[in-house]
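Novice: A single structure is presented below for examination.
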Amino acid sequence: MMQNVHLAPETDEDDLYSGYNDYNPTYDTEITAKIPSTAITRPIATGYGSKTSLTSSVGRPMTGAIQDGVSRPMTAVRAAGFTKAALKGSAFDPLGQSRGPAPPLEAKNEDSPEEKIRQLEKKVNELVEESCIANSCGDLKLALEKAKEAGRKERVLVRQREQVTTPENINLDLTYSVLFNLASQYSANEMYAEALNTYQVIVKNKMFSNAGRLKVNMGNIYLKQRNYPKAIKFYRMALDQIPSVHKEMRIKIMQNIGITFIKTGQYSDAINSFEHIMSMAPNLKAGFNLILCYFAVGDREKMKKAFQKLIAVPLEIDEDDKYIAPNDDPHTNLVIEAIKNDHLRQMERERKTMAEKYIMTAAKLIAPVIETSFAIGYDWCVEVVKASQYVELANDLEINKAITYLRQKDFNQAVDTLKMFEKKDSRVKSAAATNLSFLYYLENEFAQASSYADLAVNSDRYNPSALTNKGNTIFANGDYEKAAEFYKEALRNDSSCTEALYNIGLAYKKLNRLDDALDCFLKLHAILRNSAQVLYQIANVYELMDDPNQAIEWLMQLISVVPTDSKVLSKLGELYDSEGDKSQAFQYYYESYRYFPSNIEVIEWLGAYYIDTQFCEKAIQYFERASLIQPTQVKWQLMIASCFRRSGNYQRALDTYKDIHRKFPENVECLRFLVRLCTDIGLKEVQEYATKLKRLEKMKEIREQRIKSGRDGSGGSRGKREGSAGCDSGQNSSASSKGERLNAKLRALPGTNEPYETSSNKEIGKCLVCGSTWPSNRKTKNRSQKKN
């Protein structure tokens, strides 16, 4: 019984399927040789790696059949991918990964015409994209160069396509995009003729669908060239080619037509266009332009109706309540915080601001003409606005009404109108109080100005204009430190408040903190590059810091901004004179005299310059002009006579002195020169003039003795100092006559209230809610009087 039991060998004790697949592999080759092949074969893998081509079922031997004494193995029940051979040297690899990587792909043939065309088309697209990007970045010249290069390569591409394929395979979309981009870049670079030619190429090509719409662009170019008839023609041609389903585009073209009619003065045609727009799709621009047209033709009733239509245009924006957190839900609060200032919210704000601007401008335009007086017109506009969605604009219109009163010099009505806002809400109250403070400041009523400035600040502590006006009132009272604090607070609330920055610089200048003042004005110069007041203040601070070279440099920049400002030119002449450069000083003084020939200081300097350079004849014309400006000042006529005497024209000098003596008979200097000239010439009148001179000197001595006797000790000592000053004058006469002569000269000098010696004390920049005024602080030094 045990003879039929076979024990497995020890080496294969783990192989339960040992001997299961044992068969002679030659069977595969024999079967393959005996089975006739067919046209369709399918190789299969065996455990030994051999591949067998299975034939069709026709003539296929059955599994397990015996052929030539050898039975065919039953392969259908073999384990997939597992053989005993795998345990003897090869790893388990059912996916065939041991065979290595796949062979590389075949390299493209870059020399083929199709590949060249494909690469060239890609390059053209890249050039068009680069041109558009350069245009969006503002580099118009580079954008045009890229567009031209794209056009050249596109023409080469078309020629190559025609050689390889049929003309029907040409990429028309690429050609259209290249030509359209080229025309757009020509237009952006203001090369309008080339742009029009390129657009004509597109429009006339019937293969481009919807190319007729580009006639709108051609109309825009003609509008820029002010060729209005052609612009209207092309707009209408484009309008005819756009189907009615494209309503928005048709409305925009009609708006362009209306604007072109306004340019040509054809207001009735423009009114027809804008009325059609307002009936089909009302918008703010069309409504505002319609009001302008009715204003131009003077139709009051139509103006009112158009204003009501403008007010009724829907804004299509969300209410502000949407951005207020309704509860304490943190998730909702985060969402609201995220959308509170996103791009959509910014767009809504811009649209609302634009609507308010159009409504305010239209109201200010039509209010003076729609009724018998502008006040009644403003009242009508205010009532209409109050009944609309723009209720908050009613208060702004009232403030504009007060400003209109100011322009008409009706200050009382302006003040009464502004005082009506004292019981309004805080924002409007602050704006009205700011304007009232400004008005009282201009009238030098600093107490009232301070009171309303306090009211404005208390109503709105974050109003920079109110804080600036409060600082101005304190500045006027001389408390510069406290004024600077208010200006700083205004800057903290609004860093762009240029009035506060300017005023704080003036306050630092008053406090002699010149470095801080210079820092403020340099910051302001970075904001207002061409402000004449700021440039002058910088130059003035450098002058106070004893840096004339920097002062001259900044004044030269100021001259480039205001080349005809005589005061700046004279200041440049003064600085060059202090530096010893007489030629440059003369050039700028002469330019100042040419623009403003009534400046006594400039006239005096020019006359003294010609006397110093021994051209007394040229000095005469300047002193004659000075005598015309100040006919009661004897010194100018004495200078004229002195110039005649220095140039050797004694007869003219004598006649001039006689004329001076006739006008000013008590002038001692004139009599002295008359006595000297008559003595030199030998005239008989010398005795008469000598007698008058002695009598005048004696009268002056008696008068001085009376004055001295009435003075106290200090007055006597001061008289002694005057006498010593007279002794230093270098004249060959007695001490008393020298003192008289000095007193006469002092009396002859113009007082400190004369125009050429005044210094402006209006150096605080003042601000309104809607504007500011900055008087410049141009102080001039008193120049010493030139002696004969």
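Chains: A, B, ... in order of the structure tokens. Residues: from 1 per chain. Ligands: from 1, in order shown.
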Show me, as a list in words, the residues that have an atom within 8 Å of Leu606 in chain A when counting only C-alpha atoms, minus same-chain residues fewer than 6 positions from it.

Specialist: Phe586, Tyr589, Tyr590, Ala619 and Tyr622 of chain A

Novice: Got time to write the residues from that selection, N, CA, C and O atoms, as an mmCIF file, in the first residue's frame?

Specialist:
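The resulting selection_7.cif:
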```cif
data_model
loop_
_atom_site.group_PDB
_atom_site.id
_atom_site.type_symbol
_atom_site.label_atom_id
_atom_site.label_comp_id
_atom_site.auth_asym_id
_atom_site.auth_seq_id
_atom_site.Cartn_x
_atom_site.Cartn_y
_atom_site.Cartn_z
ATOM 1 N N PHE A 586 23.450 143.671 -11.900
ATOM 2 C CA PHE A 586 22.845 144.640 -12.826
ATOM 3 C C PHE A 586 21.888 143.963 -13.790
ATOM 4 O O PHE A 586 20.808 144.491 -14.092
ATOM 5 N N TYR A 589 18.659 143.171 -11.815
ATOM 6 C CA TYR A 589 17.959 144.408 -11.450
ATOM 7 C C TYR A 589 17.331 145.052 -12.685
ATOM 8 O O TYR A 589 16.210 145.590 -12.633
ATOM 9 N N TYR A 590 18.048 145.009 -13.796
ATOM 10 C CA TYR A 590 17.501 145.600 -15.026
ATOM 11 C C TYR A 590 16.275 144.825 -15.507
ATOM 12 O O TYR A 590 15.293 145.420 -15.963
ATOM 13 N N ALA A 619 22.105 157.503 -15.658
ATOM 14 C CA ALA A 619 21.443 157.470 -14.350
ATOM 15 C C ALA A 619 20.298 158.470 -14.275
ATOM 16 O O ALA A 619 19.368 158.304 -13.483
ATOM 17 N N TYR A 622 16.635 157.184 -14.696
ATOM 18 C CA TYR A 622 16.092 156.431 -13.560
ATOM 19 C C TYR A 622 15.650 157.367 -12.435
ATOM 20 O O TYR A 622 14.588 157.166 -11.831
#
```

Novice: I'd like the interatomic distance between CA of Glu371 in chain A and CA of Ala432 in chain A, to a tenth of an Å.

Specialist: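 Atom-to-atom, CA of Glu371 in chain A and CA of Ala432 in chain A are spaced 25.3 Å apart.
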
Novice: Tell me, which residues of range 432-675 of chain A carry DSSP alpha helix (DSSP H), written as a PyMOL selection string?

Specialist: chain A and resi 432-442+446-459+464-476+480-493+498-510+514-527+532-544+548-561+566-578+582-595+600-612+616-629+634-646+650-663+668-675

Novice: When you count only C-alpha atoms, which of these residues is closest to Thr434 in chain A: A:Asp460, A:Asp410, A:Glu591, A:Glu275?

Specialist: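 For Thr434 in chain A, the nearest of the given residues is A:Asp460.
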
Novice: Identify, on the basis of only C-alpha atoms, every residue whose closest approach to range 199-210 of chain A does not exceed 8 Å; exclude the query and any residue fewer than 2 positions from it along the same chain; express the result as a list in words.

Specialist: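 Listed by chain and then number, they are Leu172, Tyr176, Leu179, Phe180, Ala183, Ala195, Leu196, Asn197, Gly212, Arg213, Leu214, Lys215 and Met218 of chain A.
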
Novice: Write out, as a JSON list (two decimals), in the first residue's frame, the residues just selected, with N, CA, C and O atoms.

Specialist:
```json
[["chain", "number", "residue", "atom", "x", "y", "z"],
["A", 172, "LEU", "N", -6.58, 83.60, -40.85],
["A", 172, "LEU", "CA", -7.10, 84.96, -40.95],
["A", 172, "LEU", "C", -7.18, 85.63, -39.59],
["A", 172, "LEU", "O", -7.01, 86.86, -39.47],
["A", 176, "TYR", "N", -5.69, 89.30, -38.74],
["A", 176, "TYR", "CA", -6.55, 90.36, -38.19],
["A", 176, "TYR", "C", -5.96, 90.93, -36.90],
["A", 176, "TYR", "O", -5.91, 92.14, -36.71],
["A", 179, "LEU", "N", -2.85, 93.16, -37.65],
["A", 179, "LEU", "CA", -3.19, 94.46, -38.23],
["A", 179, "LEU", "C", -3.91, 95.35, -37.22],
["A", 179, "LEU", "O", -3.64, 96.56, -37.13],
["A", 180, "PHE", "N", -4.81, 94.76, -36.44],
["A", 180, "PHE", "CA", -5.54, 95.55, -35.46],
["A", 180, "PHE", "C", -4.60, 96.10, -34.37],
["A", 180, "PHE", "O", -4.71, 97.27, -33.97],
["A", 183, "ALA", "N", -2.54, 98.99, -35.88],
["A", 183, "ALA", "CA", -3.32, 100.22, -35.98],
["A", 183, "ALA", "C", -3.51, 100.87, -34.61],
["A", 183, "ALA", "O", -3.41, 102.10, -34.46],
["A", 195, "ALA", "N", -2.33, 104.99, -38.78],
["A", 195, "ALA", "CA", -3.40, 104.21, -38.14],
["A", 195, "ALA", "C", -4.62, 104.11, -39.05],
["A", 195, "ALA", "O", -5.21, 103.03, -39.20],
["A", 196, "LEU", "N", -4.99, 105.22, -39.68],
["A", 196, "LEU", "CA", -6.15, 105.20, -40.58],
["A", 196, "LEU", "C", -5.91, 104.28, -41.77],
["A", 196, "LEU", "O", -6.81, 103.54, -42.19],
["A", 197, "ASN", "N", -4.69, 104.31, -42.33],
["A", 197, "ASN", "CA", -4.39, 103.43, -43.46],
["A", 197, "ASN", "C", -4.49, 101.96, -43.05],
["A", 197, "ASN", "O", -5.02, 101.12, -43.80],
["A", 212, "GLY", "N", -16.29, 95.97, -39.97],
["A", 212, "GLY", "CA", -16.89, 97.30, -40.10],
["A", 212, "GLY", "C", -17.00, 98.02, -38.77],
["A", 212, "GLY", "O", -17.10, 99.26, -38.72],
["A", 213, "ARG", "N", -16.99, 97.29, -37.66],
["A", 213, "ARG", "CA", -17.08, 97.94, -36.36],
["A", 213, "ARG", "C", -15.86, 98.81, -36.07],
["A", 213, "ARG", "O", -15.91, 99.69, -35.23],
["A", 214, "LEU", "N", -14.76, 98.50, -36.73],
["A", 214, "LEU", "CA", -13.55, 99.29, -36.50],
["A", 214, "LEU", "C", -13.68, 100.71, -37.02],
["A", 214, "LEU", "O", -12.80, 101.54, -36.77],
["A", 215, "LYS", "N", -14.75, 101.00, -37.74],
["A", 215, "LYS", "CA", -14.97, 102.38, -38.16],
["A", 215, "LYS", "C", -15.22, 103.30, -36.96],
["A", 215, "LYS", "O", -15.05, 104.52, -37.06],
["A", 218, "MET", "N", -11.84, 104.56, -36.26],
["A", 218, "MET", "CA", -11.48, 105.58, -37.25],
["A", 218, "MET", "C", -12.19, 106.90, -36.93],
["A", 218, "MET", "O", -11.60, 107.98, -37.05]]
```

Novice: Between A:Thr361, A:Thr264, A:Asn135, A:Thr498, which is the closest to Ile527 in chain A once you count only C-alpha atoms?

Specialist: A:Thr498

Novice: Give me the residues within 10 Å of range 478-493 of chain A as a PDB file with N, CA and C atoms, in the first residue's frame, counting only C-alpha atoms and dropping any in the same chain fewer than 3 places off.

Specialist:
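Okay, this is what ended up in out.pdb:
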```pdb
ATOM      1  N   ARG A 461     -13.225 116.683  14.904  1.00  0.00           N
ATOM      2  CA  ARG A 461     -11.829 116.797  15.330  1.00  0.00           C
ATOM      3  C   ARG A 461     -10.872 116.319  14.257  1.00  0.00           C
ATOM      4  N   TYR A 462     -11.368 115.582  13.280  1.00  0.00           N
ATOM      5  CA  TYR A 462     -10.510 115.038  12.231  1.00  0.00           C
ATOM      6  C   TYR A 462     -10.573 115.864  10.946  1.00  0.00           C
ATOM      7  N   ASN A 463     -11.095 117.082  11.036  1.00  0.00           N
ATOM      8  CA  ASN A 463     -11.163 117.961   9.876  1.00  0.00           C
ATOM      9  C   ASN A 463      -9.862 118.753   9.786  1.00  0.00           C
ATOM     10  N   PRO A 464      -8.979 118.439   8.820  1.00  0.00           N
ATOM     11  CA  PRO A 464      -7.683 119.127   8.764  1.00  0.00           C
ATOM     12  C   PRO A 464      -7.819 120.614   8.458  1.00  0.00           C
ATOM     13  N   SER A 465      -8.827 120.995   7.685  1.00  0.00           N
ATOM     14  CA  SER A 465      -9.010 122.414   7.374  1.00  0.00           C
ATOM     15  C   SER A 465      -9.385 123.202   8.623  1.00  0.00           C
ATOM     16  N   ALA A 466     -10.243 122.610   9.470  1.00  0.00           N
ATOM     17  CA  ALA A 466     -10.621 123.288  10.710  1.00  0.00           C
ATOM     18  C   ALA A 466      -9.417 123.454  11.623  1.00  0.00           C
ATOM     19  N   LEU A 467      -8.594 122.418  11.730  1.00  0.00           N
ATOM     20  CA  LEU A 467      -7.399 122.508  12.569  1.00  0.00           C
ATOM     21  C   LEU A 467      -6.405 123.526  12.024  1.00  0.00           C
ATOM     22  N   THR A 468      -6.299 123.601  10.700  1.00  0.00           N
ATOM     23  CA  THR A 468      -5.391 124.581  10.100  1.00  0.00           C
ATOM     24  C   THR A 468      -5.864 125.997  10.370  1.00  0.00           C
ATOM     25  N   ASN A 469      -7.160 126.229  10.240  1.00  0.00           N
ATOM     26  CA  ASN A 469      -7.685 127.565  10.527  1.00  0.00           C
ATOM     27  C   ASN A 469      -7.510 127.931  12.000  1.00  0.00           C
ATOM     28  N   LYS A 470      -7.682 126.966  12.888  1.00  0.00           N
ATOM     29  CA  LYS A 470      -7.449 127.229  14.305  1.00  0.00           C
ATOM     30  C   LYS A 470      -5.990 127.607  14.539  1.00  0.00           C
ATOM     31  N   GLY A 471      -5.092 126.896  13.905  1.00  0.00           N
ATOM     32  CA  GLY A 471      -3.678 127.247  14.003  1.00  0.00           C
ATOM     33  C   GLY A 471      -3.391 128.632  13.456  1.00  0.00           C
ATOM     34  N   ASN A 472      -4.106 129.028  12.385  1.00  0.00           N
ATOM     35  CA  ASN A 472      -3.896 130.368  11.808  1.00  0.00           C
ATOM     36  C   ASN A 472      -4.269 131.470  12.789  1.00  0.00           C
ATOM     37  N   THR A 473      -5.390 131.287  13.489  1.00  0.00           N
ATOM     38  CA  THR A 473      -5.808 132.310  14.451  1.00  0.00           C
ATOM     39  C   THR A 473      -4.803 132.424  15.589  1.00  0.00           C
ATOM     40  N   ILE A 474      -4.248 131.303  16.030  1.00  0.00           N
ATOM     41  CA  ILE A 474      -3.228 131.346  17.087  1.00  0.00           C
ATOM     42  C   ILE A 474      -1.934 131.954  16.555  1.00  0.00           C
ATOM     43  N   PHE A 475      -1.599 131.648  15.316  1.00  0.00           N
ATOM     44  CA  PHE A 475      -0.412 132.230  14.690  1.00  0.00           C
ATOM     45  C   PHE A 475      -0.524 133.747  14.639  1.00  0.00           C
ATOM     46  N   SER A 496      -1.793 114.674   3.444  1.00  0.00           N
ATOM     47  CA  SER A 496      -1.737 115.436   2.190  1.00  0.00           C
ATOM     48  C   SER A 496      -2.216 116.879   2.353  1.00  0.00           C
ATOM     49  N   CYS A 497      -2.405 117.329   3.587  1.00  0.00           N
ATOM     50  CA  CYS A 497      -2.856 118.710   3.827  1.00  0.00           C
ATOM     51  C   CYS A 497      -1.662 119.642   3.631  1.00  0.00           C
ATOM     52  N   THR A 498      -1.498 120.139   2.431  1.00  0.00           N
ATOM     53  CA  THR A 498      -0.336 120.960   2.103  1.00  0.00           C
ATOM     54  C   THR A 498      -0.368 122.311   2.811  1.00  0.00           C
ATOM     55  N   GLU A 499      -1.576 122.827   3.105  1.00  0.00           N
ATOM     56  CA  GLU A 499      -1.656 124.115   3.801  1.00  0.00           C
ATOM     57  C   GLU A 499      -1.023 124.021   5.186  1.00  0.00           C
ATOM     58  N   ALA A 500      -1.330 122.934   5.900  1.00  0.00           N
ATOM     59  CA  ALA A 500      -0.767 122.771   7.242  1.00  0.00           C
ATOM     60  C   ALA A 500       0.744 122.619   7.184  1.00  0.00           C
ATOM     61  N   LEU A 501       1.247 121.871   6.194  1.00  0.00           N
ATOM     62  CA  LEU A 501       2.692 121.688   6.074  1.00  0.00           C
ATOM     63  C   LEU A 501       3.381 123.008   5.741  1.00  0.00           C
ATOM     64  N   TYR A 502       2.771 123.811   4.898  1.00  0.00           N
ATOM     65  CA  TYR A 502       3.333 125.125   4.563  1.00  0.00           C
ATOM     66  C   TYR A 502       3.353 126.027   5.790  1.00  0.00           C
ATOM     67  N   ASN A 503       2.255 126.040   6.531  1.00  0.00           N
ATOM     68  CA  ASN A 503       2.150 126.930   7.686  1.00  0.00           C
ATOM     69  C   ASN A 503       3.087 126.520   8.814  1.00  0.00           C
ATOM     70  N   ILE A 504       3.292 125.225   8.983  1.00  0.00           N
ATOM     71  CA  ILE A 504       4.200 124.800  10.042  1.00  0.00           C
ATOM     72  C   ILE A 504       5.634 125.208   9.705  1.00  0.00           C
ATOM     73  N   GLY A 505       5.960 125.235   8.420  1.00  0.00           N
ATOM     74  CA  GLY A 505       7.267 125.755   8.020  1.00  0.00           C
ATOM     75  C   GLY A 505       7.418 127.231   8.361  1.00  0.00           C
ATOM     76  N   LEU A 506       6.341 128.009   8.162  1.00  0.00           N
ATOM     77  CA  LEU A 506       6.376 129.427   8.523  1.00  0.00           C
ATOM     78  C   LEU A 506       6.505 129.605  10.041  1.00  0.00           C
ATOM     79  N   ALA A 507       5.812 128.734  10.792  1.00  0.00           N
ATOM     80  CA  ALA A 507       5.907 128.832  12.251  1.00  0.00           C
ATOM     81  C   ALA A 507       7.328 128.538  12.719  1.00  0.00           C
ATOM     82  N   TYR A 508       7.957 127.519  12.152  1.00  0.00           N
ATOM     83  CA  TYR A 508       9.339 127.216  12.517  1.00  0.00           C
ATOM     84  C   TYR A 508      10.272 128.361  12.133  1.00  0.00           C
ATOM     85  N   LYS A 509       9.965 129.014  11.025  1.00  0.00           N
ATOM     86  CA  LYS A 509      10.799 130.146  10.621  1.00  0.00           C
ATOM     87  C   LYS A 509      10.681 131.291  11.623  1.00  0.00           C
ATOM     88  N   LYS A 510       9.478 131.524  12.132  1.00  0.00           N
ATOM     89  CA  LYS A 510       9.276 132.551  13.150  1.00  0.00           C
ATOM     90  C   LYS A 510      10.011 132.195  14.442  1.00  0.00           C
ATOM     91  N   LEU A 511      10.059 130.891  14.750  1.00  0.00           N
ATOM     92  CA  LEU A 511      10.740 130.444  15.965  1.00  0.00           C
ATOM     93  C   LEU A 511      12.245 130.310  15.764  1.00  0.00           C
TER      94      LEU A 511
END
```

Novice: Give me, as JSON, numbers by chain, all polymer residues having an atom no more than 9 Å from Tyr536 in chain A, counting only C-alpha atoms and skipping those fewer than 2 positions away in the same chain.

Specialist: {"A": [531, 532, 533, 534, 538, 539, 540, 541, 551, 554, 555, 558, 568, 776, 777, 778]}

Novice: Produce a file of the selected residues containing all heavy atoms, as a CSV table (one decimal), in the first residue's frame.

Specialist:
```csv
chain,number,residue,atom,x,y,z
A,531,SER,N,5.5,124.9,-7.2
A,531,SER,CA,4.9,125.9,-6.4
A,531,SER,C,5.9,127.0,-6.2
A,531,SER,O,6.9,126.9,-5.6
A,531,SER,CB,4.4,125.3,-5.1
A,531,SER,OG,4.0,126.3,-4.2
A,532,ALA,N,5.5,128.2,-6.7
A,532,ALA,CA,6.4,129.4,-6.6
A,532,ALA,C,6.6,129.8,-5.1
A,532,ALA,O,7.7,130.1,-4.7
A,532,ALA,CB,5.8,130.6,-7.4
A,533,GLN,N,5.5,129.7,-4.3
A,533,GLN,CA,5.6,130.1,-2.9
A,533,GLN,C,6.6,129.2,-2.2
A,533,GLN,O,7.4,129.6,-1.4
A,533,GLN,CB,4.2,130.0,-2.2
A,533,GLN,CG,3.3,131.1,-2.7
A,533,GLN,CD,2.4,130.6,-3.8
A,533,GLN,OE1,2.8,129.6,-4.5
A,533,GLN,NE2,1.4,131.3,-4.1
A,534,VAL,N,6.5,127.9,-2.4
A,534,VAL,CA,7.4,126.9,-1.8
A,534,VAL,C,8.9,127.2,-2.2
A,534,VAL,O,9.8,127.2,-1.3
A,534,VAL,CB,7.0,125.5,-2.1
A,534,VAL,CG1,7.9,124.5,-1.4
A,534,VAL,CG2,5.6,125.2,-1.5
A,538,ILE,N,12.0,128.2,0.4
A,538,ILE,CA,13.3,127.5,0.5
A,538,ILE,C,14.4,128.4,0.3
A,538,ILE,O,15.4,128.4,1.1
A,538,ILE,CB,13.3,126.3,-0.5
A,538,ILE,CG1,12.2,125.3,-0.1
A,538,ILE,CG2,14.6,125.6,-0.5
A,538,ILE,CD1,12.0,124.2,-1.2
A,539,ALA,N,14.4,129.3,-0.7
A,539,ALA,CA,15.4,130.2,-1.0
A,539,ALA,C,15.6,131.2,0.2
A,539,ALA,O,16.7,131.5,0.6
A,539,ALA,CB,15.2,131.0,-2.3
A,540,ASN,N,14.5,131.6,0.7
A,540,ASN,CA,14.5,132.6,1.8
A,540,ASN,C,15.1,132.0,3.1
A,540,ASN,O,15.9,132.6,3.8
A,540,ASN,CB,13.1,133.1,2.1
A,540,ASN,CG,13.1,134.1,3.2
A,540,ASN,OD1,12.5,133.9,4.3
A,540,ASN,ND2,13.6,135.3,3.0
A,541,VAL,N,14.8,130.7,3.4
A,541,VAL,CA,15.4,130.0,4.5
A,541,VAL,C,16.9,129.9,4.3
A,541,VAL,O,17.7,130.1,5.3
A,541,VAL,CB,14.8,128.6,4.7
A,541,VAL,CG1,15.5,127.8,5.8
A,541,VAL,CG2,13.3,128.8,5.1
A,551,ALA,N,20.6,129.8,-1.9
A,551,ALA,CA,19.5,130.7,-2.1
A,551,ALA,C,19.4,131.1,-3.6
A,551,ALA,O,18.3,131.1,-4.2
A,551,ALA,CB,19.6,131.9,-1.2
A,554,TRP,N,18.0,128.1,-5.7
A,554,TRP,CA,16.6,127.9,-5.6
A,554,TRP,C,15.8,129.1,-6.3
A,554,TRP,O,14.7,128.9,-6.8
A,554,TRP,CB,16.2,127.8,-4.2
A,554,TRP,CG,16.5,126.4,-3.6
A,554,TRP,CD1,17.6,126.0,-2.9
A,554,TRP,CD2,15.7,125.2,-3.8
A,554,TRP,NE1,17.6,124.7,-2.6
A,554,TRP,CE2,16.5,124.2,-3.2
A,554,TRP,CE3,14.5,124.9,-4.4
A,554,TRP,CZ2,16.0,122.8,-3.1
A,554,TRP,CZ3,14.1,123.6,-4.4
A,554,TRP,CH2,14.8,122.6,-3.8
A,555,LEU,N,16.4,130.3,-6.2
A,555,LEU,CA,15.7,131.4,-6.9
A,555,LEU,C,15.8,131.2,-8.4
A,555,LEU,O,14.8,131.6,-9.1
A,555,LEU,CB,16.3,132.7,-6.4
A,555,LEU,CG,16.0,133.2,-5.0
A,555,LEU,CD1,16.8,134.5,-4.7
A,555,LEU,CD2,14.5,133.5,-4.9
A,558,LEU,N,13.0,129.1,-9.2
A,558,LEU,CA,11.8,129.9,-9.1
A,558,LEU,C,11.6,130.7,-10.4
A,558,LEU,O,10.5,130.9,-10.9
A,558,LEU,CB,11.8,130.8,-7.9
A,558,LEU,CG,10.7,131.7,-7.6
A,558,LEU,CD1,9.3,130.9,-7.5
A,558,LEU,CD2,10.9,132.5,-6.3
A,568,VAL,N,11.3,138.6,-7.5
A,568,VAL,CA,12.3,137.5,-7.4
A,568,VAL,C,13.5,138.0,-8.2
A,568,VAL,O,14.7,137.7,-7.7
A,568,VAL,CB,11.7,136.2,-8.0
A,568,VAL,CG1,12.7,135.1,-8.1
A,568,VAL,CG2,10.5,135.8,-7.3
A,776,SER,N,2.6,134.8,-0.2
A,776,SER,CA,4.0,134.5,-0.1
A,776,SER,C,4.6,135.5,1.0
A,776,SER,O,4.2,136.6,1.1
A,776,SER,CB,4.7,134.7,-1.4
A,776,SER,OG,4.6,136.0,-1.9
A,777,ASN,N,5.6,135.0,1.6
A,777,ASN,CA,6.3,135.8,2.7
A,777,ASN,C,7.6,136.3,2.1
A,777,ASN,O,8.7,135.7,2.2
A,777,ASN,CB,6.6,134.9,3.9
A,777,ASN,CG,7.3,135.6,5.0
A,777,ASN,OD1,7.2,136.9,5.1
A,777,ASN,ND2,8.1,134.9,5.8
A,778,ARG,N,7.6,137.4,1.4
A,778,ARG,CA,8.7,137.9,0.7
A,778,ARG,C,9.2,139.1,1.4
A,778,ARG,O,8.8,140.3,1.1
A,778,ARG,CB,8.4,138.2,-0.8
A,778,ARG,CG,7.9,136.9,-1.5
A,778,ARG,CD,7.6,137.2,-2.9
A,778,ARG,NE,7.2,136.0,-3.6
A,778,ARG,CZ,6.8,136.0,-4.8
A,778,ARG,NH1,6.8,137.0,-5.6
A,778,ARG,NH2,6.4,134.9,-5.4
```

Novice: Can you list, as a PyMOL selection string, every protein, DNA or RNA residue that comes within 12 Å of Ala585 in chain A when you count only C-alpha atoms, leaving out same-chain residues fewer than 2 positions away?

Specialist: chain A and resi 552+569-583+587-592+602+605-606+609
